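Undergrad: My file is work_26.pdb. It has PDB, C-alpha atoms (C1' of nucleotides):
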```pdb
ATOM      1  CA  MET M   1      99.041 102.947  89.407
ATOM      2  CA  PRO M   2     100.774  99.732  90.133
ATOM      3  CA  GLU M   3      99.077  96.568  91.230
ATOM      4  CA  LEU M   4     100.846  93.407  92.297
ATOM      5  CA  PRO M   5     102.323  92.413  88.901
ATOM      6  CA  GLU M   6     103.781  95.880  88.403
ATOM      7  CA  VAL M   7     105.173  95.991  91.952
ATOM      8  CA  GLU M   8     106.683  92.520  91.512
ATOM      9  CA  THR M   9     108.250  93.596  88.195
ATOM     10  CA  ILE M  10     109.678  96.699  89.835
ATOM     11  CA  CYS M  11     111.205  94.597  92.650
ATOM     12  CA  ARG M  12     112.864  92.305  90.118
ATOM     13  CA  SER M  13     114.250  95.220  88.127
ATOM     14  CA  LEU M  14     115.565  96.935  91.264
ATOM     15  CA  ARG M  15     117.589  93.981  92.533
ATOM     16  CA  PRO M  16     120.468  94.117  90.015
ATOM     17  CA  HIS M  17     120.964  97.789  90.840
ATOM     18  CA  LEU M  18     120.580  97.667  94.596
ATOM     19  CA  LEU M  19     121.490  94.311  96.108
ATOM     20  CA  GLY M  20     124.762  94.529  98.017
ATOM     21  CA  ARG M  21     124.925  98.280  97.445
ATOM     22  CA  THR M  22     125.555 100.727 100.237
ATOM     23  CA  ILE M  23     123.520 103.898 100.557
ATOM     24  CA  ARG M  24     125.830 106.910 100.528
ATOM     25  CA  ARG M  25     123.235 109.602 101.078
ATOM     26  CA  VAL M  26     119.472 110.087 101.054
ATOM     27  CA  ARG M  27     118.007 113.437 100.052
ATOM     28  CA  VAL M  28     114.350 114.282 100.537
ATOM     29  CA  LEU M  29     113.246 116.988  98.133
ATOM     30  CA  GLU M  30     109.518 116.800  98.895
ATOM     31  CA  PRO M  31     108.361 115.135 102.118
ATOM     32  CA  ARG M  32     104.627 115.634 101.544
ATOM     33  CA  LEU M  33     103.555 112.141 100.480
ATOM     34  CA  ARG M  34     100.382 110.431 101.692
ATOM     35  CA  VAL M  35     102.063 110.194 105.069
ATOM     36  CA  PRO M  36     104.695 112.916 105.559
ATOM     37  CA  VAL M  37     108.189 111.504 105.116
ATOM     38  CA  ASP M  38     110.386 111.482 108.219
ATOM     39  CA  ILE M  39     113.383 113.280 106.709
ATOM     40  CA  LYS M  40     115.768 112.620 109.595
ATOM     41  CA  GLU M  41     114.981 108.937 109.597
ATOM     42  CA  LEU M  42     115.607 108.590 105.850
ATOM     43  CA  ARG M  43     118.877 110.523 106.133
ATOM     44  CA  SER M  44     119.981 108.162 108.881
ATOM     45  CA  LEU M  45     119.960 105.308 106.341
ATOM     46  CA  ALA M  46     123.307 106.525 104.939
ATOM     47  CA  GLY M  47     125.870 103.766 105.433
ATOM     48  CA  SER M  48     123.303 100.941 105.346
ATOM     49  CA  ARG M  49     123.601  98.175 102.781
ATOM     50  CA  VAL M  50     120.657  96.697 100.863
ATOM     51  CA  ASP M  51     120.637  92.973 101.656
ATOM     52  CA  ALA M  52     117.315  91.949 100.119
ATOM     53  CA  ILE M  53     114.330  93.388  98.275
ATOM     54  CA  THR M  54     110.982  91.797  98.964
ATOM     55  CA  ARG M  55     107.323  92.501  98.342
ATOM     56  CA  VAL M  56     104.393  92.332 100.723
ATOM     57  CA  ALA M  57     101.126  92.944  98.878
ATOM     58  CA  LYS M  58     101.800  96.170  96.946
ATOM     59  CA  TYR M  59     104.540  97.285  99.330
ATOM     60  CA  ILE M  60     108.220  97.190  98.348
ATOM     61  CA  LEU M  61     110.626  96.433 101.189
ATOM     62  CA  PHE M  62     114.361  97.059 101.240
ATOM     63  CA  ASN M  63     115.947  94.912 103.932
ATOM     64  CA  LEU M  64     118.918  96.855 105.234
ATOM     65  CA  THR M  65     121.887  95.907 107.374
ATOM     66  CA  GLY M  66     121.055  96.371 111.018
ATOM     67  CA  ASP M  67     117.479  95.678 111.894
ATOM     68  CA  ARG M  68     115.823  98.115 109.560
ATOM     69  CA  VAL M  69     113.459  97.874 106.599
ATOM     70  CA  TRP M  70     112.789 100.710 104.169
ATOM     71  CA  LEU M  71     109.255 100.450 102.874
ATOM     72  CA  PHE M  72     107.674 102.049  99.797
ATOM     73  CA  HIS M  73     104.143 102.100  98.478
ATOM     74  CA  LEU M  74     103.785 103.657  95.033
ATOM     75  CA  GLY M  75     100.187 104.800  95.286
ATOM     76  CA  MET M  76      98.757 105.669  91.870
ATOM     77  CA  SER M  77     101.671 107.378  90.182
ATOM     78  CA  GLY M  78     104.847 106.420  92.080
ATOM     79  CA  LYS M  79     107.980 105.143  90.353
ATOM     80  CA  LEU M  80     111.330 103.910  91.601
ATOM     81  CA  LEU M  81     113.930 104.564  88.920
ATOM     82  CA  CYS M  82     117.619 103.673  88.846
ATOM     83  CA  VAL M  83     119.575 106.246  86.872
ATOM     84  CA  ALA M  84     123.095 107.557  86.399
ATOM     85  CA  ALA M  85     123.868 110.305  88.891
ATOM     86  CA  ASN M  86     124.230 112.892  86.137
ATOM     87  CA  THR M  87     120.697 112.301  84.823
ATOM     88  CA  PRO M  88     118.824 115.597  85.103
ATOM     89  CA  ARG M  89     116.341 115.732  87.931
ATOM     90  CA  ARG M  90     112.728 115.892  86.990
ATOM     91  CA  LYS M  91     109.759 117.600  88.507
ATOM     92  CA  HIS M  92     108.212 115.261  91.124
ATOM     93  CA  ASP M  93     111.482 113.490  91.989
ATOM     94  CA  HIS M  94     110.829 113.503  95.740
ATOM     95  CA  ILE M  95     113.524 111.235  97.180
ATOM     96  CA  VAL M  96     117.040 110.755  95.791
ATOM     97  CA  VAL M  97     119.220 107.894  97.032
ATOM     98  CA  GLU M  98     122.917 108.058  96.200
ATOM     99  CA  LEU M  99     124.528 104.632  95.980
ATOM    100  CA  ASP M 100     128.149 103.527  96.281
ATOM    101  CA  SER M 101     127.917 102.343  92.659
ATOM    102  CA  GLY M 102     127.693 105.972  91.595
ATOM    103  CA  ALA M 103     124.133 105.454  90.395
ATOM    104  CA  GLU M 104     121.041 106.916  92.001
ATOM    105  CA  LEU M 105     117.650 105.564  92.936
ATOM    106  CA  ARG M 106     114.896 108.156  92.600
ATOM    107  CA  TYR M 107     111.384 108.089  93.949
ATOM    108  CA  HIS M 108     109.160 110.004  91.528
ATOM    109  CA  ASP M 109     105.455 110.540  92.189
ATOM    110  CA  PRO M 110     103.364 113.339  90.611
ATOM    111  CA  ARG M 111     100.233 112.694  92.634
ATOM    112  CA  ARG M 112     102.051 112.036  95.923
ATOM    113  CA  PHE M 113      99.699 109.249  96.984
ATOM    114  CA  GLY M 114     102.725 107.075  97.743
ATOM    115  CA  LEU M 115     104.384 106.254 101.030
ATOM    116  CA  SER M 116     107.939 105.822 102.251
ATOM    117  CA  LEU M 117     108.871 104.903 105.788
ATOM    118  CA  VAL M 118     111.444 103.020 107.851
ATOM    119  CA  ALA M 119     110.562 100.257 110.297
ATOM    120  CA  GLN M 120     112.304  97.754 112.505
ATOM    121  CA  LYS M 121     112.350  94.331 110.909
ATOM    122  CA  SER M 122     110.947  92.801 114.067
ATOM    123  CA  GLY M 123     108.017  95.249 114.224
ATOM    124  CA  LEU M 124     107.208  95.150 110.538
ATOM    125  CA  HIS M 125     103.884  93.379 110.800
ATOM    126  CA  GLU M 126     102.652  95.684 113.536
ATOM    127  CA  LEU M 127     102.795  98.613 111.136
ATOM    128  CA  PRO M 128      99.292 100.015 110.580
ATOM    129  CA  GLN M 129      99.833  99.548 106.841
ATOM    130  CA  LEU M 130     100.728  95.858 107.090
ATOM    131  CA  ARG M 131      98.716  94.735 110.084
ATOM    132  CA  HIS M 132      95.620  93.854 108.131
ATOM    133  CA  VAL M 133      96.980  92.644 104.798
ATOM    134  CA  GLY M 134      95.210  89.570 103.535
ATOM    135  CA  LEU M 135      96.602  86.588 101.658
ATOM    136  CA  ASP M 136      99.112  87.013  98.892
ATOM    137  CA  PRO M 137      97.563  85.928  95.571
ATOM    138  CA  PHE M 138     100.165  83.172  95.282
ATOM    139  CA  ASP M 139      99.622  81.829  98.795
ATOM    140  CA  PRO M 140      98.297  78.238  98.586
ATOM    141  CA  ALA M 141      95.922  79.156 101.409
ATOM    142  CA  LEU M 142      93.996  81.235  98.871
ATOM    143  CA  THR M 143      91.371  78.615  98.072
ATOM    144  CA  GLY M 144      87.782  78.762  96.892
ATOM    145  CA  ASP M 145      86.628  77.920 100.390
ATOM    146  CA  TYR M 146      88.659  80.791 101.824
ATOM    147  CA  LEU M 147      87.072  83.249  99.389
ATOM    148  CA  PHE M 148      83.612  81.798  99.732
ATOM    149  CA  ARG M 149      83.603  82.497 103.471
ATOM    150  CA  PHE M 150      84.051  86.222 102.761
ATOM    151  CA  MET M 151      81.699  86.251  99.814
ATOM    152  CA  ARG M 152      78.698  84.692 101.477
ATOM    153  CA  ALA M 153      79.005  87.241 104.289
ATOM    154  CA  SER M 154      79.139  90.266 102.024
ATOM    155  CA  ALA M 155      76.553  92.183 100.015
ATOM    156  CA  ARG M 156      79.230  94.206  98.244
ATOM    157  CA  ARG M 157      79.745  94.047  94.540
ATOM    158  CA  THR M 158      82.217  91.310  93.719
ATOM    159  CA  ARG M 159      84.630  93.762  92.071
ATOM    160  CA  ASP M 160      84.779  95.705  95.350
ATOM    161  CA  LEU M 161      85.340  92.564  97.400
ATOM    162  CA  LEU M 162      88.329  91.695  95.205
ATOM    163  CA  LEU M 163      89.734  95.178  95.835
ATOM    164  CA  ASP M 164      89.621  94.622  99.603
ATOM    165  CA  GLN M 165      93.275  94.202 100.557
ATOM    166  CA  ARG M 166      92.315  92.541 103.860
ATOM    167  CA  ILE M 167      91.019  89.519 101.943
ATOM    168  CA  VAL M 168      93.460  89.209  99.029
ATOM    169  CA  ALA M 169      96.327  91.699  98.988
ATOM    170  CA  GLY M 170      97.569  92.868  95.629
ATOM    171  CA  LEU M 171      94.645  93.295  93.264
ATOM    172  CA  GLY M 172      93.607  96.686  91.940
ATOM    173  CA  ASN M 173      90.983  97.820  89.486
ATOM    174  CA  ILE M 174      92.623  96.385  86.365
ATOM    175  CA  TYR M 175      93.167  92.854  87.631
ATOM    176  CA  ALA M 176      89.911  92.703  89.620
ATOM    177  CA  ASN M 177      88.046  93.402  86.372
ATOM    178  CA  GLU M 178      90.203  90.944  84.425
ATOM    179  CA  ILE M 179      89.690  88.140  86.937
ATOM    180  CA  LEU M 180      85.930  88.581  86.660
ATOM    181  CA  ALA M 181      86.156  88.516  82.866
ATOM    182  CA  LEU M 182      88.173  85.314  83.064
ATOM    183  CA  THR M 183      85.576  83.701  85.335
ATOM    184  CA  ALA M 184      82.525  85.028  83.431
ATOM    185  CA  ILE M 185      81.154  86.914  86.429
ATOM    186  CA  LYS M 186      79.630  90.379  86.126
ATOM    187  CA  PRO M 187      81.637  92.796  88.327
ATOM    188  CA  THR M 188      78.527  94.290  89.904
ATOM    189  CA  THR M 189      77.101  90.950  91.038
ATOM    190  CA  ARG M 190      76.744  91.025  94.813
ATOM    191  CA  ALA M 191      79.321  88.726  96.394
ATOM    192  CA  HIS M 192      76.810  86.708  98.435
ATOM    193  CA  ARG M 193      74.994  85.758  95.236
ATOM    194  CA  LEU M 194      77.992  83.785  93.986
ATOM    195  CA  THR M 195      78.246  80.033  94.263
ATOM    196  CA  ARG M 196      81.010  78.043  95.893
ATOM    197  CA  LYS M 197      81.957  76.893  92.427
ATOM    198  CA  GLN M 198      82.401  80.460  91.283
ATOM    199  CA  ALA M 199      84.511  81.169  94.363
ATOM    200  CA  HIS M 200      86.763  78.282  93.375
ATOM    201  CA  ALA M 201      87.010  79.603  89.823
ATOM    202  CA  ILE M 202      88.057  83.012  91.127
ATOM    203  CA  ALA M 203      90.600  81.457  93.491
ATOM    204  CA  ARG M 204      92.179  79.629  90.546
ATOM    205  CA  ALA M 205      92.012  82.655  88.251
ATOM    206  CA  ILE M 206      93.796  85.028  90.628
ATOM    207  CA  PRO M 207      97.283  83.443  90.623
ATOM    208  CA  ALA M 208      96.911  82.326  86.998
ATOM    209  CA  LEU M 209      96.150  85.822  85.726
ATOM    210  CA  LEU M 210      98.690  87.590  87.931
ATOM    211  CA  GLY M 211     101.329  85.057  86.915
ATOM    212  CA  ASP M 212     100.621  85.874  83.274
ATOM    213  CA  ALA M 213     100.767  89.595  83.961
ATOM    214  CA  ILE M 214     104.133  89.214  85.707
ATOM    215  CA  ARG M 215     105.481  87.239  82.736
ATOM    216  CA  TRP M 216     104.498  90.220  80.550
ATOM    217  CA  CYS M 217     106.125  92.598  83.065
ATOM    218  CA  GLY M 218     102.853  94.251  84.062
ATOM    219  CA  THR M 219     100.386  96.616  82.420
ATOM    220  CA  SER M 220     101.509 100.039  81.124
ATOM    221  CA  PHE M 221      98.921 102.568  80.053
ATOM    222  CA  SER M 222     100.558 105.909  80.409
ATOM    223  CA  ASP M 223     103.068 106.038  83.182
ATOM    224  CA  TYR M 224     103.882 102.694  84.792
ATOM    225  CA  ARG M 225     107.553 101.790  84.262
ATOM    226  CA  ASP M 226     110.024  99.474  85.998
ATOM    227  CA  ALA M 227     113.296 100.611  87.618
ATOM    228  CA  ASP M 228     114.935 100.756  84.157
ATOM    229  CA  ASP M 229     112.078 102.918  82.811
ATOM    230  CA  LYS M 230     110.839  99.979  80.750
ATOM    231  CA  SER M 231     107.128  99.471  79.952
ATOM    232  CA  GLY M 232     105.143  96.328  80.565
ATOM    233  CA  GLU M 233     103.281  94.468  77.824
ATOM    234  CA  PHE M 234     100.211  93.045  79.495
ATOM    235  CA  GLN M 235      97.966  95.878  78.253
ATOM    236  CA  ASN M 236      97.990  93.989  74.935
ATOM    237  CA  HIS M 237      96.468  90.935  76.599
ATOM    238  CA  LEU M 238      93.702  92.530  78.648
ATOM    239  CA  ARG M 239      90.240  91.082  78.072
ATOM    240  CA  VAL M 240      88.111  93.987  79.266
ATOM    241  CA  TYR M 241      89.953  96.741  81.117
ATOM    242  CA  ASP M 242      90.074  99.989  79.128
ATOM    243  CA  ARG M 243      88.478  98.201  76.161
ATOM    244  CA  ASP M 244      84.990  99.707  76.295
ATOM    245  CA  GLY M 245      83.462  99.895  72.830
ATOM    246  CA  GLU M 246      85.810  97.178  71.553
ATOM    247  CA  ARG M 247      84.983  93.591  70.687
ATOM    248  CA  CYS M 248      84.986  90.900  73.352
ATOM    249  CA  ARG M 249      87.810  88.446  72.710
ATOM    250  CA  VAL M 250      85.558  85.392  72.937
ATOM    251  CA  CYS M 251      82.107  86.417  71.677
ATOM    252  CA  PRO M 252      80.726  89.004  69.218
ATOM    253  CA  GLY M 253      79.721  91.257  72.140
ATOM    254  CA  VAL M 254      81.059  94.750  72.836
ATOM    255  CA  ILE M 255      82.833  95.610  76.101
ATOM    256  CA  LYS M 256      80.922  97.964  78.349
ATOM    257  CA  ARG M 257      82.199 100.500  80.862
ATOM    258  CA  VAL M 258      80.109 101.585  83.836
ATOM    259  CA  ALA M 259      81.083 103.903  86.681
ATOM    260  CA  VAL M 260      80.656 102.015  89.939
ATOM    261  CA  GLY M 261      81.593 103.911  93.025
ATOM    262  CA  ASN M 262      84.298 106.245  91.858
ATOM    263  CA  ARG M 263      85.923 103.761  89.550
ATOM    264  CA  SER M 264      84.981 102.113  86.313
ATOM    265  CA  VAL M 265      84.059  98.493  85.843
ATOM    266  CA  PHE M 266      84.556  96.867  82.451
ATOM    267  CA  TYR M 267      82.830  93.705  81.314
ATOM    268  CA  CYS M 268      81.327  91.832  78.413
ATOM    269  CA  PRO M 269      77.521  91.938  78.851
ATOM    270  CA  THR M 270      77.180  88.681  76.922
ATOM    271  CA  CYS M 271      79.823  86.547  78.658
ATOM    272  CA  GLN M 272      79.551  87.902  82.186
ATOM    273  CA  LYS M 273      76.313  87.304  84.058
TER
ATOM    274  C1'  DC R   1      78.411  96.847 111.854
ATOM    275  C1'  DG R   2      78.914  96.962 106.574
ATOM    276  C1'  DG R   3      78.706  99.643 102.487
ATOM    277  C1'  DT R   4      79.243 103.867  99.868
ATOM    278  C1'  DG R   5      81.237 108.100  98.402
ATOM    279  C1'  DG R   6      84.436 111.618  98.840
ATOM    280  C1'  DA R   7      89.121 113.304  99.797
ATOM    281  C1'  DC R   8      93.816 113.308  98.898
ATOM    282  C1'  DC R   9      96.997 115.206  94.331
ATOM    283  C1'  DT R  10      98.707 116.266  89.433
ATOM    284  C1'  DG R  11      98.427 115.495  84.597
ATOM    285  C1'  DC R  12      96.351 114.094  80.478
ATOM    286  C1'  DT R  13      92.532 113.730  77.138
ATOM    287  C1'  DG R  14      88.463 114.814  74.722
ATOM    288  C1'  DG R  15      84.612 117.748  73.847
ATOM    289  C1'  DC R  16      82.992 122.216  72.972
TER
ATOM    290  C1'  DT U   1      93.656 127.290  69.850
ATOM    291  C1'  DG U   2      92.043 127.325  74.637
ATOM    292  C1'  DC U   3      89.398 126.106  78.416
ATOM    293  C1'  DC U   4      87.205 122.978  81.442
ATOM    294  C1'  DA U   5      85.215 118.700  82.972
ATOM    295  C1'  DG U   6      86.212 114.196  83.726
ATOM    296  C1'  DC U   7      89.119 110.536  84.515
ATOM    297  C1'  DA U   8      93.415 107.754  86.135
ATOM    298  C1'  DG U   9      96.753 101.795  88.257
ATOM    299  C1'  DG U  10      95.342 103.297  95.725
ATOM    300  C1'  DT U  11      94.086 104.002 100.296
ATOM    301  C1'  DC U  12      91.774 106.023 104.112
ATOM    302  C1'  DC U  13      88.006 108.133 106.577
ATOM    303  C1'  DA U  14      83.425 110.135 107.507
ATOM    304  C1'  DC U  15      78.881 109.214 107.124
ATOM    305  C1'  DC U  16      74.495 106.615 106.557
TER
END
```
Render the structure in this file as structure tokens.
TA:
Amino acid sequence: MPELPEVETICRSLRPHLLGRTIRRVRVLEPRLRVPVDIKELRSLAGSRVDAITRVAKYILFNLTGDRVWLFHLGMSGKLLCVAANTPRRKHDHIVVELDSGAELRYHDPRRFGLSLVAQKSGLHELPQLRHVGLDPFDPALTGDYLFRFMRASARRTRDLLLDQRIVAGLGNIYANEILALTAIKPTTRAHRLTRKQAHAIARAIPALLGDAIRWCGTSFSDYRDADDKSGEFQNHLRVYDRDGERCRVCPGVIKRVAVGNRSVFYCPTCQK
DNA sequence: CGGTGGACCTGCTGGC
DNA sequence: TGCCAGCAGGTCCACC
């Protein structure tokens, strides 16, 4: 579900509820996530205080007192919701965190593709999940030259290269398609066919587009919500994603959808070559 | 080695 | 109305 703008929005909405709060109790109702949850380890977080909430790629990190970090990845359908303790539990609420404020944080995830684990702060970047993460989209080191080095060495379709978290960490299918619409590149063009100039255009488009998406609090189709259960608005500003059959926003063309791999690409056949 | 396709899950939608 | 196929924002792994 969530790509970087949604994860960033969720982090921002969590902070007012969690910063400075102490965890009273952690209850694991369903440990079978993508990686089985270590129930004992989560329970042992009782008594810890949340000192900071940060984001690495699409991972959400709670920095706790002591040397520990509580890490979440939301997969396709995960949500972190802050609710009053008397809010009825729902199906697929897998982890419940009781806070000293009286409120609760709940991890909800119908498809259970998400991840929740505890790490030592010092060993964070040795985690298998974080060891190979590429540049953050807002890192100034993300330049056209940086991208071009990967592109010229790869015969993959450009959309797939943008989804590779080892190169740029944070894009998913929506924003990969949108970036290619913004730069007038067809998503199925093989990466090594692109020019250095196009690589520079993509490098500029990535932070620009994601910045916009964050300002609109992310993209909500059906189920993405922030910690206050609020929807994003960026779905109203998408150029191509989920708009097949509709008019291109810049030319008279009609947006096309094609299954590539197991996921759809969307593009304007007139604008994107 | 790089690239592709399937697996992991549940829920929703659209076509018949 | 009901059923079933297909699809969904992510990641990982087996296979060629």
Undergrad: Can you turn the PyMOL selection byres ((chain U and resi 13) around 10) into a concrete residue list for this file, as a list in words?
TA: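 For this structure, the PyMOL selection byres ((chain U and resi 13) around 10) resolves to DG6 and DA7 of chain R; DT11, DC12, DA14 and DC15 of chain U.
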Undergrad: Could you tell me how far atom CA of Tyr59 of chain M sits from atom CA of Pro36 of chain M, in Å to one decimal place?
TA: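 Atom CA of Tyr59 of chain M lies 16.8 Å from atom CA of Pro36 of chain M.
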Undergrad: Using only C-alpha atoms (C1' of nucleotides), find which residues of chain U lie within 9 Å of chain M and jot them down as a PyMOL selection string.
TA: chain U and resi 8-11
Undergrad: For this file, the PyMOL selection byres ((chain R) within 10 of (chain M)) selects which residues, as a VMD selection string?
TA: chain R and resid 2 to 6 8 to 12
Undergrad: Quick one: pull the distance between atom CA of Arg27 of chain M and atom CA of His108 of chain M, Å, one decimal.
TA: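 Atom-to-atom, atom CA of Arg27 of chain M and atom CA of His108 of chain M are spaced 12.8 Å apart.
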Undergrad: Have a look at atom CA of Asn63 of chain M and atom CA of Arg90 of chain M and let me know their distance in Å, one decimal.
TA: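 According to the coordinates, atom CA of Asn63 of chain M and atom CA of Arg90 of chain M are separated by 27.2 Å.
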Undergrad: Can you tell me, as JSON, the centre and edge lengths (Å, one decimal) of the axis-aligned box enclosing all of chain U's listed atoms after padding each side by 4 Å?
TA:
```
{"center_x": 85.6, "center_y": 114.6, "center_z": 88.7, "size_x": 30.3, "size_y": 33.5, "size_z": 45.7}
```
Undergrad: Identify all residues satisfying the PyMOL selection byres ((chain U and resi 3) around 12) in the given file; provide them as a CSV table (one decimal) with C-alpha atoms (C1' of nucleotides), in the coordinates of the input.
TA:
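Here's the written file out_24.csv:
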```
chain,number,residue,atom,x,y,z
R,14,DG,C1',88.5,114.8,74.7
R,15,DG,C1',84.6,117.7,73.8
R,16,DC,C1',83.0,122.2,73.0
U,1,DT,C1',93.7,127.3,69.8
U,2,DG,C1',92.0,127.3,74.6
U,4,DC,C1',87.2,123.0,81.4
U,5,DA,C1',85.2,118.7,83.0
```
Undergrad: Would you please work out which residue, of M:Leu99, M:Val7, M:Ala184, M:Leu210, is nearest to Leu80 of chain M when using all atoms listed in the file?
TA: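 When distances to Leu80 of chain M are compared using all atoms listed in the file, the smallest one comes from M:Val7.
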Undergrad: Please tell me which residues are no farther than 7 Å from (105.5, 93.2, 96.0) in the file, counting only C-alpha atoms (C1' of nucleotides), and write them as a ChimeraX atom specification.
TA: /M:4,7-8,11,54-60
Undergrad: Show me, as a PyMOL selection string, the residues that have an atom within 6 Å of Arg257 of chain M when counting all atoms listed in the file, minus same-chain residues fewer than 4 positions from it.
TA: chain M and resi 244+265-266
Undergrad: Given all atoms listed in the file as the basis, pick out the residue of M:Leu238, M:Ala84, M:Leu130, M:Leu194 nearest to Leu209 of chain M.
TA: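 Nearest candidate to Leu209 of chain M out of M:Leu238, M:Ala84, M:Leu130, M:Leu194: M:Leu238.
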